[in-house]
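Asker: Take this structure, written in structure tokens, and hold onto it; I'll ask about it next.
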Amino acid sequence: MSAELNSAYQAELNGYKVARALGGQATAWRHLERAHILGQLRMGLHLDSHMKMLGYAIHLRQPKEVLGQLVRLLLAPLGNATGRLPWGNNGRSHISAFVEMEIPDDLKPIIAAARR
């Protein structure tokens with residue numbers, strides 16, 4: 001695994017933890033979404049990002065998000081195994097699990113390096 005990818009992924013999770021502790025729900029979700037985008041490159045990270053989203057949705061008592069994360073936990077291994085992932089998708093339930101999204105500019109070089 002790319003050290004840069006792992007470091008960036010961990011930085012997003014750390015940002016999530018800080019935002020969650022401070023009650024910044026929107027910021028916490030944004031960090032989880034960015035972790036998901038990075039995590040799509042590796043099945044373990046991809047599943048981990050959805051597990052973190054599931055845990056946060058349970059904590060916030062958001063049943064639609066919980067259900068969406070459970071579905072994504074089932075779909076993620078298939079997407080990683082086949083290489084058919086919607087790159088840039090933020091992983092949230094209010095976005096189709098099949099729609100590609102623009103990758104944030106600051107994450108593009110990390111993703112490009114990890115793909116080499």
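Numbering starts fresh at 1 for the residues of each chain in the structure tokens, the chains themselves are lettered A, B, ... in the order given, and ligands are numbered from 1 as they appear.
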I'd like to know which residues of chain A are helix (DSSP H, G or I) (by DSSP, run on the backbone); could you write them as a count of residues only?

Answerer: 81

Asker: Do a neighbour search on region 86-103 of chain A at 6 Å with only C-alpha atoms, toss out local chain neighbours closer than 3 positions, and write the hits as a PDB file with N, CA and C atoms, in the first residue's frame.

Answerer:
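Dumped to selection.pdb:
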```pdb
ATOM      1  N   GLU A  33     -16.298  11.152   4.042  1.00  0.00           N
ATOM      2  CA  GLU A  33     -16.468  11.088   2.588  1.00  0.00           C
ATOM      3  C   GLU A  33     -15.118  11.105   1.880  1.00  0.00           C
ATOM      4  N   ILE A  37     -13.298   8.244  -0.510  1.00  0.00           N
ATOM      5  CA  ILE A  37     -12.735   8.447  -1.851  1.00  0.00           C
ATOM      6  C   ILE A  37     -11.326   7.859  -1.921  1.00  0.00           C
ATOM      7  N   GLU A  65     -29.320   6.337   6.429  1.00  0.00           N
ATOM      8  CA  GLU A  65     -27.874   6.235   6.239  1.00  0.00           C
ATOM      9  C   GLU A  65     -27.369   4.862   6.692  1.00  0.00           C
ATOM     10  N   GLY A  68     -28.255   2.480   3.956  1.00  0.00           N
ATOM     11  CA  GLY A  68     -27.393   2.748   2.812  1.00  0.00           C
ATOM     12  C   GLY A  68     -25.984   2.210   3.012  1.00  0.00           C
TER      13      GLY A  68
END
```

Asker: List the spatial neighbours of Ala76 (chain A) as a list of chain:residue names - criterion: any atom at most 8 Å away, only C-alpha atoms, same-chain residues fewer than 3 positions off excluded.

Answerer: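 Listing them by chain and then by number gives A:Met43, A:His46, A:Leu47, A:Arg72, A:Leu73, A:Gly79, A:Asn80.
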
Asker: Please produce a file of those selected residues containing C-alpha atoms, as an mmCIF file, in the first residue's frame.

Answerer:
```cif
data_model
loop_
_atom_site.group_PDB
_atom_site.id
_atom_site.type_symbol
_atom_site.label_atom_id
_atom_site.label_comp_id
_atom_site.auth_asym_id
_atom_site.auth_seq_id
_atom_site.Cartn_x
_atom_site.Cartn_y
_atom_site.Cartn_z
ATOM 1 C CA MET A 43 -10.584 -3.059 -0.487
ATOM 2 C CA HIS A 46 -12.895 0.879 1.318
ATOM 3 C CA LEU A 47 -14.678 -1.470 3.717
ATOM 4 C CA ARG A 72 -22.601 -0.429 0.376
ATOM 5 C CA LEU A 73 -20.770 -2.865 2.635
ATOM 6 C CA GLY A 79 -16.728 -3.315 -6.931
ATOM 7 C CA ASN A 80 -13.142 -3.634 -5.736
#
```

Asker: Compile the contact shell of Ala11 (chain A) as a ChimeraX atom specification: residues with an atom at most 12 Å away, counting only C-alpha atoms, same-chain residues fewer than 3 positions apart removed.

Answerer: /A:4-8,14-18,31-32,34-35,38

Asker: Between A:Leu13, A:Val71, A:Leu41, A:Ala112, which has the minimum distance to Leu54 (chain A) (counting only C-alpha atoms)?

Answerer: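 Ranked by minimum distance to Leu54 (chain A), first place goes to A:Val71.
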
Asker: Hey, what's within 10 Å of Leu70 (chain A) if we count only C-alpha atoms and toss same-chain stuff fewer than 4 positions away? As a list in words, please?

Answerer: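 Residues near the query, excluding close chain neighbours: His50, Met51, Met53, Leu54, Lys64, Glu65, Val66, Leu74, Leu75 and Ser93 of chain A.
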
Asker: Output the selection as a PDB file, in the first residue's frame - N, CA, C and O atoms for each residue.

Answerer:
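This went into out-v4.pdb:
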```pdb
ATOM      1  N   HIS A  50     -16.626   2.463   4.975  1.00  0.00           N
ATOM      2  CA  HIS A  50     -18.069   2.217   5.119  1.00  0.00           C
ATOM      3  C   HIS A  50     -18.426   1.778   6.543  1.00  0.00           C
ATOM      4  O   HIS A  50     -19.498   2.141   7.043  1.00  0.00           O
ATOM      5  N   MET A  51     -17.558   1.048   7.187  1.00  0.00           N
ATOM      6  CA  MET A  51     -17.810   0.672   8.586  1.00  0.00           C
ATOM      7  C   MET A  51     -17.826   1.920   9.474  1.00  0.00           C
ATOM      8  O   MET A  51     -18.682   2.033  10.367  1.00  0.00           O
ATOM      9  N   MET A  53     -18.585   4.958   8.485  1.00  0.00           N
ATOM     10  CA  MET A  53     -19.828   5.668   8.155  1.00  0.00           C
ATOM     11  C   MET A  53     -21.026   5.006   8.818  1.00  0.00           C
ATOM     12  O   MET A  53     -21.912   5.687   9.347  1.00  0.00           O
ATOM     13  N   LEU A  54     -21.050   3.684   8.794  1.00  0.00           N
ATOM     14  CA  LEU A  54     -22.135   2.948   9.448  1.00  0.00           C
ATOM     15  C   LEU A  54     -22.162   3.259  10.942  1.00  0.00           C
ATOM     16  O   LEU A  54     -23.227   3.553  11.503  1.00  0.00           O
ATOM     17  N   LYS A  64     -31.864   5.855   7.419  1.00  0.00           N
ATOM     18  CA  LYS A  64     -31.630   5.777   5.972  1.00  0.00           C
ATOM     19  C   LYS A  64     -30.143   5.627   5.676  1.00  0.00           C
ATOM     20  O   LYS A  64     -29.755   4.871   4.786  1.00  0.00           O
ATOM     21  N   GLU A  65     -29.320   6.337   6.429  1.00  0.00           N
ATOM     22  CA  GLU A  65     -27.874   6.235   6.239  1.00  0.00           C
ATOM     23  C   GLU A  65     -27.369   4.862   6.692  1.00  0.00           C
ATOM     24  O   GLU A  65     -26.500   4.271   6.049  1.00  0.00           O
ATOM     25  N   VAL A  66     -27.928   4.351   7.778  1.00  0.00           N
ATOM     26  CA  VAL A  66     -27.541   3.013   8.247  1.00  0.00           C
ATOM     27  C   VAL A  66     -27.826   1.983   7.159  1.00  0.00           C
ATOM     28  O   VAL A  66     -26.956   1.176   6.797  1.00  0.00           O
ATOM     29  N   LEU A  74     -22.058  -4.455   1.328  1.00  0.00           N
ATOM     30  CA  LEU A  74     -22.242  -5.646   0.497  1.00  0.00           C
ATOM     31  C   LEU A  74     -21.700  -5.434  -0.914  1.00  0.00           C
ATOM     32  O   LEU A  74     -21.160  -6.361  -1.522  1.00  0.00           O
ATOM     33  N   LEU A  75     -21.846  -4.222  -1.441  1.00  0.00           N
ATOM     34  CA  LEU A  75     -21.433  -3.926  -2.812  1.00  0.00           C
ATOM     35  C   LEU A  75     -19.935  -3.658  -2.957  1.00  0.00           C
ATOM     36  O   LEU A  75     -19.353  -3.963  -4.000  1.00  0.00           O
ATOM     37  N   SER A  93     -25.334   7.625   1.553  1.00  0.00           N
ATOM     38  CA  SER A  93     -26.562   7.000   1.071  1.00  0.00           C
ATOM     39  C   SER A  93     -27.444   7.935   0.248  1.00  0.00           C
ATOM     40  O   SER A  93     -28.280   7.458  -0.510  1.00  0.00           O
TER      41      SER A  93
END
```

Asker: As an exercise, work out the distance from CA of Ala19 (chain A) to CA of Gln62 (chain A) in Å and give it to one decimal place.

Answerer: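 That distance, rounded to one decimal, is 17.8 Å.
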
Asker: Between A:Ile110, A:Ala26, A:Ile58, A:Gln40, which is the closest to Arg84 (chain A) once you count only C-alpha atoms?

Answerer: A:Gln40

Asker: Given the choices A:Ser49, A:Lys108, A:Arg116, A:Leu60, which gets closest to Gly24 (chain A) if the distance is worked out from only C-alpha atoms?

Answerer: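 For Gly24 (chain A), the nearest of the given residues is A:Leu60.
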